[in-house]
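With compact mmCIF, C-alpha atoms inside, this is start_22.txt:
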```txt
# COMPACT_ATOMS: atom_id res chain seq x y z
CA MET A 3 -57.31 20.34 6.28
CA LYS A 4 -56.62 21.14 2.64
CA VAL A 5 -52.98 21.69 3.53
CA LEU A 6 -52.64 17.94 4.23
CA TRP A 7 -53.34 17.18 0.58
CA LEU A 8 -50.55 19.52 -0.44
CA LEU A 9 -47.90 18.09 1.89
CA PRO A 10 -46.95 14.98 -0.16
CA LEU A 11 -46.62 17.00 -3.35
CA LEU A 12 -44.63 19.71 -1.61
CA LEU A 13 -42.22 17.27 0.01
CA LEU A 14 -41.75 15.26 -3.15
CA GLN A 15 -40.97 18.40 -5.10
CA LEU A 16 -38.46 19.56 -2.50
CA ALA A 17 -36.79 16.13 -2.40
CA ALA A 18 -36.47 16.14 -6.18
CA VAL A 19 -34.63 19.47 -6.26
CA ASP A 20 -30.94 19.15 -7.10
CA CYS A 21 -29.06 21.63 -4.92
CA GLN A 22 -25.59 22.62 -6.07
CA LEU A 23 -22.80 22.65 -3.50
CA GLN A 24 -19.97 25.11 -4.04
CA CYS A 25 -16.27 24.29 -3.76
CA ASN A 26 -14.77 25.11 -0.34
CA ALA A 27 -18.11 26.37 0.99
CA ALA A 28 -17.97 27.56 4.59
CA THR A 29 -20.90 25.34 5.58
CA SER A 30 -22.08 21.83 4.79
CA LEU A 31 -25.28 21.12 2.88
CA ARG A 32 -28.18 18.87 3.89
CA GLN A 33 -30.29 17.86 0.89
CA LYS A 34 -31.65 14.66 -0.64
CA ARG A 35 -29.86 15.16 -3.97
CA ILE A 36 -26.81 17.34 -4.42
CA VAL A 37 -24.90 18.29 -7.55
CA ILE A 38 -21.18 19.03 -7.37
CA ARG A 39 -19.53 20.75 -10.32
CA SER A 40 -15.95 21.86 -10.81
CA PRO A 41 -15.18 25.60 -10.73
CA VAL A 42 -14.54 27.33 -14.05
CA ALA A 43 -11.05 26.90 -15.50
CA GLY A 44 -9.83 30.33 -14.39
CA GLN A 45 -10.69 29.61 -10.75
CA LEU A 46 -9.61 25.97 -10.91
CA SER A 47 -6.02 26.78 -11.85
CA MET A 48 -5.63 28.85 -8.67
CA LEU A 49 -6.86 26.14 -6.29
CA ASP A 50 -4.72 23.61 -4.43
CA ARG A 51 -7.77 21.79 -3.15
CA CYS A 52 -11.53 21.74 -3.37
CA GLN A 53 -13.61 20.35 -0.51
CA TYR A 54 -17.29 19.57 -0.08
CA ALA A 55 -19.20 18.57 3.06
CA VAL A 56 -22.62 16.91 2.99
CA ASP A 57 -24.78 16.34 6.07
CA ALA A 58 -27.34 13.55 6.29
CA TRP A 59 -30.78 14.43 4.93
CA SER A 60 -32.38 12.52 7.82
CA SER A 61 -31.42 10.20 10.66
CA GLN A 62 -32.30 7.20 8.46
CA VAL A 63 -29.68 7.93 5.79
CA CYS A 64 -27.29 4.97 5.61
CA GLN A 65 -25.80 5.22 2.09
CA VAL A 66 -24.90 7.84 -0.47
CA ARG A 67 -24.74 6.95 -4.15
CA ILE A 68 -22.23 9.07 -6.05
CA ASP A 69 -22.85 9.16 -9.80
CA MET A 70 -19.86 10.43 -11.74
CA GLU A 71 -21.58 12.03 -14.69
CA ARG A 72 -18.15 13.40 -15.48
CA LEU A 73 -14.88 12.97 -13.65
CA GLU A 74 -11.68 13.80 -15.50
CA LEU A 75 -8.44 14.42 -13.63
CA PRO A 76 -4.79 14.07 -14.73
CA GLN A 77 -3.60 10.51 -15.24
CA PRO A 78 -1.56 8.85 -12.47
CA ARG A 79 2.21 9.10 -12.75
CA LEU A 80 5.06 6.79 -11.83
CA ASN A 81 6.99 8.01 -8.80
CA ALA A 82 10.69 7.81 -9.80
CA THR A 83 11.78 7.16 -6.21
CA SER A 84 9.26 4.58 -5.05
CA GLN A 85 8.50 3.20 -8.53
CA LEU A 86 4.84 3.24 -7.58
CA LEU A 87 1.98 4.68 -9.59
CA GLU A 88 0.49 7.70 -7.83
CA CYS A 89 -2.31 10.17 -8.38
CA VAL A 90 -1.05 13.75 -8.55
CA ASP A 91 -4.56 15.20 -8.56
CA PHE A 92 -7.29 13.03 -7.09
CA LEU A 93 -10.72 12.75 -5.54
CA GLN A 94 -10.72 11.25 -2.04
CA VAL A 95 -14.01 9.83 -0.73
CA GLN A 96 -13.59 7.80 2.43
CA ARG A 97 -11.12 4.99 1.49
CA PHE A 98 -11.36 5.60 -2.27
CA GLN A 99 -8.81 7.71 -4.12
CA LEU A 100 -9.63 8.22 -7.80
CA CYS A 101 -7.88 9.99 -10.64
CA GLY A 102 -7.80 9.79 -14.43
CA ARG A 103 -10.99 9.39 -16.47
CA ASN A 104 -14.00 7.92 -14.70
CA ASN A 105 -16.97 9.30 -16.63
CA GLY A 106 -20.11 7.23 -16.06
CA GLN A 107 -18.78 5.36 -13.02
CA HIS A 108 -20.56 5.31 -9.68
CA LEU A 109 -19.76 4.55 -6.07
CA TYR A 110 -21.71 3.72 -2.92
CA VAL A 111 -20.42 4.93 0.44
CA GLN A 112 -21.79 4.05 3.86
CA LEU A 113 -22.76 6.68 6.42
CA GLN A 114 -22.95 6.25 10.16
CA ARG A 115 -25.61 8.15 12.06
CA GLY A 116 -24.66 11.80 12.38
CA GLN A 117 -21.69 11.44 10.02
CA THR A 118 -20.82 14.16 7.51
CA LEU A 119 -19.71 12.93 4.11
CA LYS A 120 -16.59 14.73 2.90
CA LEU A 121 -15.29 14.83 -0.65
CA HIS A 122 -11.77 16.15 -1.10
CA PHE A 123 -10.24 17.11 -4.44
CA SER A 124 -6.47 17.52 -4.32
CA LEU A 125 -5.40 19.77 -7.22
CA GLY A 126 -1.62 20.01 -6.91
CA SER A 127 -0.98 20.12 -10.66
CA HIS A 128 -3.28 23.16 -11.16
CA SER A 129 -4.45 21.61 -14.42
CA THR A 130 -7.11 23.59 -16.26
CA GLN A 131 -8.27 20.36 -17.94
CA SER A 132 -9.68 18.86 -14.75
CA THR A 133 -13.46 18.75 -14.63
CA TRP A 134 -16.13 17.04 -12.60
CA HIS A 135 -19.90 16.77 -12.37
CA LEU A 136 -21.09 14.49 -9.57
CA THR A 137 -24.62 13.76 -8.39
CA LEU A 138 -24.99 12.61 -4.79
CA THR A 139 -28.20 10.81 -3.78
CA GLN A 140 -28.80 10.12 -0.10
CA LEU A 141 -30.53 6.80 0.57
CA GLU A 142 -32.49 5.89 3.67
CA CYS A 143 -32.67 2.45 5.29
CA PRO A 144 -35.70 1.07 7.16
CA PRO A 145 -35.12 1.76 10.90
CA ASN A 146 -34.85 -1.91 11.86
CA THR A 147 -32.03 -2.49 9.34
CA LEU A 148 -29.90 0.53 10.20
CA ALA A 149 -26.52 -0.82 11.21
CA MET A 150 -25.56 2.65 12.35
CA ALA A 151 -28.55 3.19 14.66
CA LYS A 152 -26.48 3.25 17.85
CA GLN A 153 -27.75 4.83 21.02
CA GLN A 154 -25.75 8.01 20.80
CA PRO A 155 -26.61 11.69 20.66
CA SER A 156 -26.80 13.19 17.19
CA HIS A 157 -27.51 16.57 15.66
CA VAL A 158 -29.31 14.86 12.77
CA PRO A 159 -33.09 15.44 12.82
CA THR A 160 -35.22 12.36 13.52
CA VAL A 161 -37.46 13.27 10.58
CA ARG A 162 -36.82 15.34 7.51
CA THR A 163 -36.11 18.90 8.44
CA LEU A 164 -39.22 20.35 6.80
CA LEU A 165 -41.74 18.32 8.81
CA PRO A 166 -41.45 20.02 12.21
CA PHE A 167 -41.65 23.37 10.45
CA LEU A 168 -44.89 22.45 8.71
CA SER A 169 -46.44 20.97 11.85
CA SER A 170 -46.50 24.38 13.52
CA PHE A 171 -49.01 25.56 10.92
CA LEU A 172 -51.47 22.69 11.49
CA PRO A 173 -54.22 22.46 14.13
CA ARG A 174 -53.12 20.49 17.17
CA THR A 175 -56.32 18.45 17.12
CA ILE A 176 -55.33 16.60 13.95
CA PHE A 177 -52.18 15.21 15.56
CA GLY A 178 -53.91 13.26 18.31
CA GLY A 179 -56.27 10.35 17.68
CA SER A 180 -58.50 8.30 19.93
CA SER A 181 -57.24 5.62 22.33
CA GLY A 182 -53.68 6.75 21.95
CA ASN A 183 -53.64 6.21 18.19
CA PRO A 184 -51.92 8.89 16.11
CA GLY A 185 -54.10 11.43 14.35
CA PRO A 186 -54.21 11.87 10.57
CA ALA A 187 -51.38 14.40 10.47
CA ALA A 188 -49.13 12.22 12.63
CA GLN A 189 -49.86 9.24 10.38
CA LEU A 190 -49.03 11.34 7.34
CA PHE A 191 -45.72 12.45 8.84
CA GLN A 192 -44.83 8.83 9.68
CA THR A 193 -45.49 7.87 6.06
CA LEU A 194 -43.50 10.78 4.68
CA SER A 195 -40.56 10.16 7.00
CA ALA A 196 -40.29 6.48 6.01
CA PRO A 197 -37.81 5.49 3.29
CA SER A 198 -39.34 5.82 -0.16
CA ALA A 199 -39.77 2.86 -2.51
CA ALA A 200 -37.21 4.50 -4.79
CA ASP A 201 -34.66 4.49 -1.96
CA LEU A 202 -35.27 0.82 -1.21
CA GLU A 203 -34.71 0.03 -4.89
CA LEU A 204 -31.45 1.97 -5.00
CA LEU A 205 -29.95 0.66 -1.75
CA ALA A 206 -26.89 -1.50 -2.35
CA PRO A 207 -26.46 -4.77 -0.40
CA LEU A 208 -24.08 -4.56 2.52
CA GLY A 209 -20.45 -4.62 1.38
CA CYS A 210 -21.12 -3.51 -2.21
CA ASP A 211 -19.13 -0.51 -3.44
CA GLN A 212 -20.84 -0.56 -6.84
CA TYR A 213 -24.34 -1.89 -7.50
CA TYR A 214 -25.96 -2.60 -10.87
CA ARG A 215 -29.72 -3.18 -10.77
CA SER A 216 -30.57 -3.83 -14.42
CA SER A 217 -30.57 -7.36 -15.88
CA THR A 218 -28.06 -6.35 -18.57
CA GLY A 219 -25.27 -3.80 -18.50
CA GLY A 220 -21.59 -3.03 -18.70
CA ILE A 221 -18.87 -2.83 -16.05
CA ALA A 222 -15.33 -1.46 -16.37
CA SER A 223 -12.44 -0.89 -14.00
CA PHE A 224 -11.84 2.63 -12.70
CA ASN A 225 -9.83 4.74 -15.19
CA PHE A 226 -10.33 2.12 -17.90
CA ALA A 227 -10.57 4.96 -20.44
CA GLY A 228 -7.14 6.14 -19.24
CA GLY A 229 -5.57 2.76 -20.02
CA ILE A 230 -4.35 1.80 -16.54
CA TYR A 231 -5.90 0.89 -13.20
CA MET A 232 -4.70 2.13 -9.86
CA PRO A 233 -2.61 0.06 -7.42
CA ASN A 234 -3.85 -0.82 -3.94
CA MET A 235 -7.54 -0.86 -4.89
CA ARG A 236 -10.02 -3.27 -3.33
CA TYR A 237 -13.71 -3.03 -3.95
CA ALA A 238 -16.81 -5.14 -4.53
CA ILE A 239 -19.08 -4.90 -7.58
CA CYS A 240 -22.58 -6.33 -7.14
CA VAL A 241 -25.39 -7.09 -9.60
CA ALA A 242 -29.01 -7.56 -8.56
CA GLY A 243 -30.34 -11.09 -8.92
CA ALA A 244 -32.34 -13.88 -7.31
CA ALA A 245 -31.70 -17.43 -6.11
CA ASN A 246 -33.11 -19.00 -9.28
CA MET A 247 -30.98 -16.86 -11.61
CA GLU A 248 -27.49 -17.02 -13.07
CA ILE A 249 -25.26 -14.40 -14.66
CA SER A 250 -23.00 -14.48 -17.69
CA TYR A 251 -20.03 -12.13 -17.95
CA ASN A 252 -18.71 -11.49 -21.46
CA LEU A 253 -15.14 -10.20 -21.23
CA ASP A 254 -14.60 -7.53 -23.89
CA HIS A 255 -11.19 -6.56 -22.50
CA PHE A 256 -9.16 -8.17 -19.75
CA SER A 257 -5.54 -7.47 -18.83
CA LEU A 258 -4.33 -7.81 -15.23
CA SER A 259 -0.90 -8.78 -13.98
CA LYS A 260 -0.22 -12.29 -12.69
CA SER A 261 2.54 -14.03 -10.76
CA SER A 262 4.37 -15.09 -13.94
CA ASN A 263 4.13 -11.89 -15.97
CA ASN A 264 6.80 -13.09 -18.38
CA VAL A 265 4.40 -15.79 -19.60
CA LEU A 266 1.51 -14.64 -21.76
CA GLY A 267 -1.94 -16.07 -21.27
CA PRO A 268 -4.75 -16.23 -18.75
CA GLY A 269 -4.22 -16.88 -15.08
CA TYR A 270 -6.41 -18.65 -12.55
CA ASP A 271 -6.42 -19.07 -8.78
CA GLU A 272 -2.76 -19.63 -7.70
CA ASP A 273 -1.56 -17.51 -10.64
CA CYS A 274 -3.52 -14.60 -9.17
CA HIS A 275 -3.68 -15.04 -5.41
CA SER A 276 -1.31 -16.96 -3.20
CA THR A 277 -2.57 -18.65 -0.05
CA VAL A 278 0.60 -17.34 1.64
CA LYS A 279 1.25 -13.62 1.32
CA THR A 280 4.59 -13.09 -0.44
CA MET A 281 6.26 -9.69 -0.77
CA GLY A 282 6.79 -8.64 -4.38
CA ARG A 283 4.43 -11.27 -5.79
CA ALA A 284 1.80 -9.96 -8.22
CA THR A 285 -1.69 -10.35 -6.78
CA ASP A 286 -4.09 -8.50 -9.07
CA TYR A 287 -7.32 -10.35 -9.73
CA LEU A 288 -11.05 -10.48 -10.23
CA LEU A 289 -12.66 -12.84 -7.73
CA ILE A 290 -15.88 -14.39 -9.06
CA ALA A 291 -17.21 -17.06 -6.70
CA ASN A 292 -19.31 -20.03 -7.89
CA SER A 293 -18.17 -19.49 -11.48
CA TYR A 294 -16.99 -21.52 -14.45
CA MET A 295 -15.83 -20.96 -18.02
CA ALA A 296 -18.75 -21.29 -20.45
CA ASN A 297 -16.63 -23.00 -23.13
CA SER A 298 -15.12 -25.41 -20.60
CA PRO A 299 -17.51 -26.05 -17.65
CA ALA A 300 -14.94 -28.28 -15.94
CA LEU A 301 -12.72 -25.20 -15.50
CA GLN A 302 -14.13 -23.58 -12.35
CA PRO A 303 -11.69 -21.01 -10.98
CA THR A 304 -12.47 -18.40 -8.34
CA TYR A 305 -9.67 -15.93 -9.17
CA TYR A 306 -9.04 -14.58 -12.68
CA CYS A 307 -5.98 -12.62 -13.85
CA GLY A 308 -3.45 -12.39 -16.69
CA ASN A 309 -4.45 -11.63 -20.27
CA GLN A 310 -5.91 -13.32 -23.36
CA LEU A 311 -9.24 -13.81 -21.61
CA ALA A 312 -10.90 -11.22 -23.86
CA GLY A 313 -13.73 -12.89 -25.75
CA SER A 314 -14.34 -15.42 -22.97
CA LYS A 315 -17.64 -15.96 -21.18
CA ILE A 316 -17.89 -16.72 -17.47
CA ILE A 317 -21.05 -18.11 -15.86
CA ALA A 318 -21.70 -17.59 -12.16
CA ARG A 319 -24.40 -18.43 -9.64
CA PRO A 320 -25.77 -16.03 -7.00
CA PRO A 321 -24.91 -13.93 -5.16
CA PHE A 322 -23.58 -11.92 -8.10
CA VAL A 323 -20.49 -10.27 -6.65
CA ILE A 324 -17.14 -9.47 -8.26
CA HIS A 325 -14.21 -8.52 -6.03
CA PHE A 326 -11.45 -6.51 -7.68
CA SER A 327 -8.05 -6.28 -6.01
CA SER A 328 -4.76 -4.74 -7.12
CA ASP A 329 -1.40 -4.79 -5.37
CA ALA A 330 1.13 -1.97 -4.98
CA GLN A 331 3.04 -2.87 -8.15
CA THR A 332 2.42 -1.52 -11.64
CA ASN A 333 3.40 -2.59 -15.14
CA ALA A 334 2.33 -1.83 -18.69
CA SER A 335 0.02 -4.86 -18.88
CA GLU A 336 -2.31 -3.50 -16.19
CA THR A 337 -4.89 -1.88 -18.45
CA GLY A 338 -7.90 -3.26 -16.60
CA PHE A 339 -11.13 -4.94 -17.61
CA GLN A 340 -14.33 -4.19 -19.45
CA LEU A 341 -17.25 -6.60 -19.61
CA THR A 342 -20.95 -6.89 -20.31
CA TYR A 343 -23.27 -9.04 -18.22
CA THR A 344 -26.69 -10.66 -18.56
CA VAL A 345 -28.79 -11.96 -15.67
CA ARG A 346 -31.10 -14.79 -16.72
CA GLN A 347 -33.04 -17.79 -15.47
CA SER A 348 -30.70 -20.54 -14.30
CA GLN A 349 -29.99 -23.15 -16.96
CA LEU A 350 -29.35 -25.87 -14.36
```

Give the structure from this file in structure tokens form.
Amino acid sequence: MKVLWLLPLLLLQLAAVDCQLQCNAATSLRQKRIVIRSPVAGQLSMLDRCQYAVDAWSSQVCQVRIDMERLELPQPRLNATSQLLECVDFLQVQRFQLCGRNNGQHLYVQLQRGQTLKLHFSLGSHSTQSTWHLTLTQLECPPNTLAMAKQQPSHVPTVRTLLPFLSSFLPRTIFGGSSGNPGPAAQLFQTLSAPSAADLELLAPLGCDQYYRSSTGGIASFNFAGGIYMPNMRYAICVAGAANMEISYNLDHFSLSKSSNNVLGPGYDEDCHSTVKTMGRATDYLLIANSYMANSPALQPTYYCGNQLAGSKIIARPPFVIHFSSDAQTNASETGFQLTYTVRQSQL
């Protein structure tokens, strides 16, 4: 019976191990936390691509959080033929294609049951300056909230892979209880196979591509350090909050295109997003619902674009979600946004 006391410690230690996945490995890796690092410069310059495959740690995995401790790839370039900004080297994760400098950013991706997560680095420029260090954390949902729990066969184990292995070393008598109730070992396995409190804390709300859990923090557009954001990007940024809270966004830098780019100044609503889709019309914006300008509460836009908003403060009510959208066009004014936020008790 002493082995039962060791099981929680053993499983927690194994879950905490960061396993490193190698570039272009012949097999996928199944582990709670995985570290992905770029090959050394000598090997990197000889590669056209670098691929990684990650299998679900358990059948309850529904999200993977990707922390970009370091992600530096060549800056996007303007295609002379199409006049569109394109990534020469890039990281492709599901619908996201990233290039440039994205150190400190993070991303949440959804996983269906039995799905393998694939990360693809395209390295056409053979740059020796490219480098990456990503940490992938698999997050488990409670069974009754798993959107991907469809009745379909799957190779994913129903509990973490170590548990069946350990059960073979335990006496059969401790698995069965009286009156059909599970025995102590079965109860222990049920507890260990349930999502941890840490997972529940980290899980992003449905539809959120980035999720900030602290009451204060900073948010910036992808490749903000590179001085330009990518075209054709659409993603949602969420901040944790409650119904009795409000959030203030302090805009440290803000420069997006707007429909009248020849006119300097901020843009709101129709300047940023037309109700009728029009080819060639600039439609880059931050969408912040239930918001207003702190220095002018009567001004209550939903869409924000243009420039000269740096130094402004925006107040918003829950849910705290920012939608960023960029069109296919690019110009020199599209340097992106950087802001700090504070979640506080509602002042209303």

With a distance cut-off of 6 Å and only C-alpha atoms, select the neighbouring residues of A:Pro268, excluding the residue or stretch itself and same-chain residues fewer than 5 positions from it, and output the selection as an MDAnalysis selection string. chainID A and resid 308:311

Using C-alpha atoms, can you export the residues from the last selection as a compact mmCIF listing (two decimals), in the coordinates of the input?
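Full text of selection.txt as output:
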```
# COMPACT_ATOMS: atom_id res chain seq x y z
CA GLY A 308 -3.45 -12.39 -16.69
CA ASN A 309 -4.45 -11.63 -20.27
CA GLN A 310 -5.91 -13.32 -23.36
CA LEU A 311 -9.24 -13.81 -21.61
```

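Nearest-residue note for A:Ser348: choosing from A:Ile317, A:Cys21, A:Glu336, A:Asn297, the minimum distance belongs to A:Ile317, counting all atoms listed in the file.
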
Quote the spacing between atom CA of A:Asn105 and atom CA of A:Leu73 in Å to one decimal place. 5.2 Å

Env of A:Leu100: 8 Å cut, atoms = only C-alpha atoms, seq-sep filter 3 positions within chain, self excluded. Answer as number ranges by chain. A: 89, 92-94, 224

Restrict the selected residues to C-alpha atoms and save them as a PDB file, in the coordinates of the input.
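New file again-v9.pdb:
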```pdb
ATOM      1  CA  CYS A  89      -2.310  10.170  -8.380  1.00  0.00           C
ATOM      2  CA  PHE A  92      -7.290  13.030  -7.090  1.00  0.00           C
ATOM      3  CA  LEU A  93     -10.720  12.750  -5.540  1.00  0.00           C
ATOM      4  CA  GLN A  94     -10.720  11.250  -2.040  1.00  0.00           C
ATOM      5  CA  PHE A 224     -11.840   2.630 -12.700  1.00  0.00           C
TER       6      PHE A 224
END
```

Residue with the minimum atom-to-atom distance to A:Ala222, picked from A:Tyr251, A:Tyr54, A:Phe322, A:Trp134 with only C-alpha atoms counted, is A:Tyr251

If I only want stretch 96-116 of chain A, can you write it with N, CA, C and O atoms, as a PDB file, in the first residue's frame?
```pdb
ATOM      1  N   GLN A  96      -1.428  25.914 -37.030  1.00  0.00           N
ATOM      2  CA  GLN A  96      -2.828  25.969 -37.437  1.00  0.00           C
ATOM      3  C   GLN A  96      -3.017  27.175 -38.369  1.00  0.00           C
ATOM      4  O   GLN A  96      -2.343  27.284 -39.376  1.00  0.00           O
ATOM      5  N   ARG A  97      -3.916  28.122 -38.053  1.00  0.00           N
ATOM      6  CA  ARG A  97      -4.178  29.231 -38.988  1.00  0.00           C
ATOM      7  C   ARG A  97      -3.216  30.394 -38.811  1.00  0.00           C
ATOM      8  O   ARG A  97      -3.293  31.379 -39.564  1.00  0.00           O
ATOM      9  N   PHE A  98      -2.308  30.316 -37.848  1.00  0.00           N
ATOM     10  CA  PHE A  98      -1.401  31.428 -37.575  1.00  0.00           C
ATOM     11  C   PHE A  98      -0.070  31.255 -38.307  1.00  0.00           C
ATOM     12  O   PHE A  98       0.549  30.190 -38.234  1.00  0.00           O
ATOM     13  N   GLN A  99       0.342  32.319 -38.986  1.00  0.00           N
ATOM     14  CA  GLN A  99       1.654  32.359 -39.624  1.00  0.00           C
ATOM     15  C   GLN A  99       2.399  33.570 -39.056  1.00  0.00           C
ATOM     16  O   GLN A  99       1.962  34.705 -39.211  1.00  0.00           O
ATOM     17  N   LEU A 100       3.515  33.303 -38.384  1.00  0.00           N
ATOM     18  CA  LEU A 100       4.243  34.355 -37.679  1.00  0.00           C
ATOM     19  C   LEU A 100       5.669  34.445 -38.192  1.00  0.00           C
ATOM     20  O   LEU A 100       6.312  33.436 -38.466  1.00  0.00           O
ATOM     21  N   CYS A 101       6.162  35.684 -38.286  1.00  0.00           N
ATOM     22  CA  CYS A 101       7.565  35.915 -38.602  1.00  0.00           C
ATOM     23  C   CYS A 101       7.999  37.190 -37.897  1.00  0.00           C
ATOM     24  O   CYS A 101       7.210  37.836 -37.205  1.00  0.00           O
ATOM     25  N   GLY A 102       9.260  37.563 -38.047  1.00  0.00           N
ATOM     26  CA  GLY A 102       9.762  38.739 -37.354  1.00  0.00           C
ATOM     27  C   GLY A 102      10.107  38.423 -35.907  1.00  0.00           C
ATOM     28  O   GLY A 102      10.446  37.288 -35.560  1.00  0.00           O
ATOM     29  N   ARG A 103       9.996  39.425 -35.045  1.00  0.00           N
ATOM     30  CA  ARG A 103      10.391  39.293 -33.638  1.00  0.00           C
ATOM     31  C   ARG A 103       9.149  39.210 -32.755  1.00  0.00           C
ATOM     32  O   ARG A 103       8.340  40.144 -32.705  1.00  0.00           O
ATOM     33  N   ASN A 104       9.011  38.094 -32.066  1.00  0.00           N
ATOM     34  CA  ASN A 104       7.838  37.864 -31.224  1.00  0.00           C
ATOM     35  C   ASN A 104       8.219  37.312 -29.860  1.00  0.00           C
ATOM     36  O   ASN A 104       7.498  36.492 -29.281  1.00  0.00           O
ATOM     37  N   ASN A 105       9.354  37.774 -29.332  1.00  0.00           N
ATOM     38  CA  ASN A 105       9.788  37.329 -28.012  1.00  0.00           C
ATOM     39  C   ASN A 105       8.762  37.730 -26.955  1.00  0.00           C
ATOM     40  O   ASN A 105       8.287  38.865 -26.926  1.00  0.00           O
ATOM     41  N   GLY A 106       8.418  36.786 -26.087  1.00  0.00           N
ATOM     42  CA  GLY A 106       7.497  37.069 -24.993  1.00  0.00           C
ATOM     43  C   GLY A 106       6.031  36.942 -25.341  1.00  0.00           C
ATOM     44  O   GLY A 106       5.174  37.053 -24.452  1.00  0.00           O
ATOM     45  N   GLN A 107       5.698  36.714 -26.603  1.00  0.00           N
ATOM     46  CA  GLN A 107       4.304  36.529 -26.988  1.00  0.00           C
ATOM     47  C   GLN A 107       3.840  35.118 -26.617  1.00  0.00           C
ATOM     48  O   GLN A 107       4.639  34.242 -26.275  1.00  0.00           O
ATOM     49  N   HIS A 108       2.538  34.910 -26.680  1.00  0.00           N
ATOM     50  CA  HIS A 108       2.008  33.566 -26.462  1.00  0.00           C
ATOM     51  C   HIS A 108       0.787  33.365 -27.357  1.00  0.00           C
ATOM     52  O   HIS A 108       0.242  34.321 -27.920  1.00  0.00           O
ATOM     53  N   LEU A 109       0.370  32.117 -27.446  1.00  0.00           N
ATOM     54  CA  LEU A 109      -0.732  31.762 -28.331  1.00  0.00           C
ATOM     55  C   LEU A 109      -1.423  30.529 -27.767  1.00  0.00           C
ATOM     56  O   LEU A 109      -0.769  29.617 -27.262  1.00  0.00           O
ATOM     57  N   TYR A 110      -2.748  30.528 -27.830  1.00  0.00           N
ATOM     58  CA  TYR A 110      -3.536  29.345 -27.471  1.00  0.00           C
ATOM     59  C   TYR A 110      -4.076  28.718 -28.752  1.00  0.00           C
ATOM     60  O   TYR A 110      -4.603  29.424 -29.617  1.00  0.00           O
ATOM     61  N   VAL A 111      -3.946  27.408 -28.870  1.00  0.00           N
ATOM     62  CA  VAL A 111      -4.542  26.691 -29.995  1.00  0.00           C
ATOM     63  C   VAL A 111      -5.442  25.595 -29.449  1.00  0.00           C
ATOM     64  O   VAL A 111      -5.164  25.008 -28.404  1.00  0.00           O
ATOM     65  N   GLN A 112      -6.523  25.338 -30.170  1.00  0.00           N
ATOM     66  CA  GLN A 112      -7.484  24.320 -29.757  1.00  0.00           C
ATOM     67  C   GLN A 112      -7.101  22.974 -30.363  1.00  0.00           C
ATOM     68  O   GLN A 112      -6.597  22.910 -31.488  1.00  0.00           O
ATOM     69  N   LEU A 113      -7.365  21.909 -29.610  1.00  0.00           N
ATOM     70  CA  LEU A 113      -7.123  20.558 -30.115  1.00  0.00           C
ATOM     71  C   LEU A 113      -8.405  19.752 -30.058  1.00  0.00           C
ATOM     72  O   LEU A 113      -9.115  19.758 -29.041  1.00  0.00           O
ATOM     73  N   GLN A 114      -8.714  19.071 -31.142  1.00  0.00           N
ATOM     74  CA  GLN A 114      -9.797  18.107 -31.149  1.00  0.00           C
ATOM     75  C   GLN A 114      -9.277  16.779 -30.603  1.00  0.00           C
ATOM     76  O   GLN A 114      -8.072  16.519 -30.591  1.00  0.00           O
ATOM     77  N   ARG A 115     -10.174  15.934 -30.182  1.00  0.00           N
ATOM     78  CA  ARG A 115      -9.769  14.654 -29.612  1.00  0.00           C
ATOM     79  C   ARG A 115      -9.006  13.821 -30.648  1.00  0.00           C
ATOM     80  O   ARG A 115      -9.460  13.633 -31.764  1.00  0.00           O
ATOM     81  N   GLY A 116      -7.841  13.366 -30.251  1.00  0.00           N
ATOM     82  CA  GLY A 116      -7.025  12.543 -31.132  1.00  0.00           C
ATOM     83  C   GLY A 116      -6.181  13.327 -32.115  1.00  0.00           C
ATOM     84  O   GLY A 116      -5.452  12.742 -32.907  1.00  0.00           O
TER      85      GLY A 116
END
```
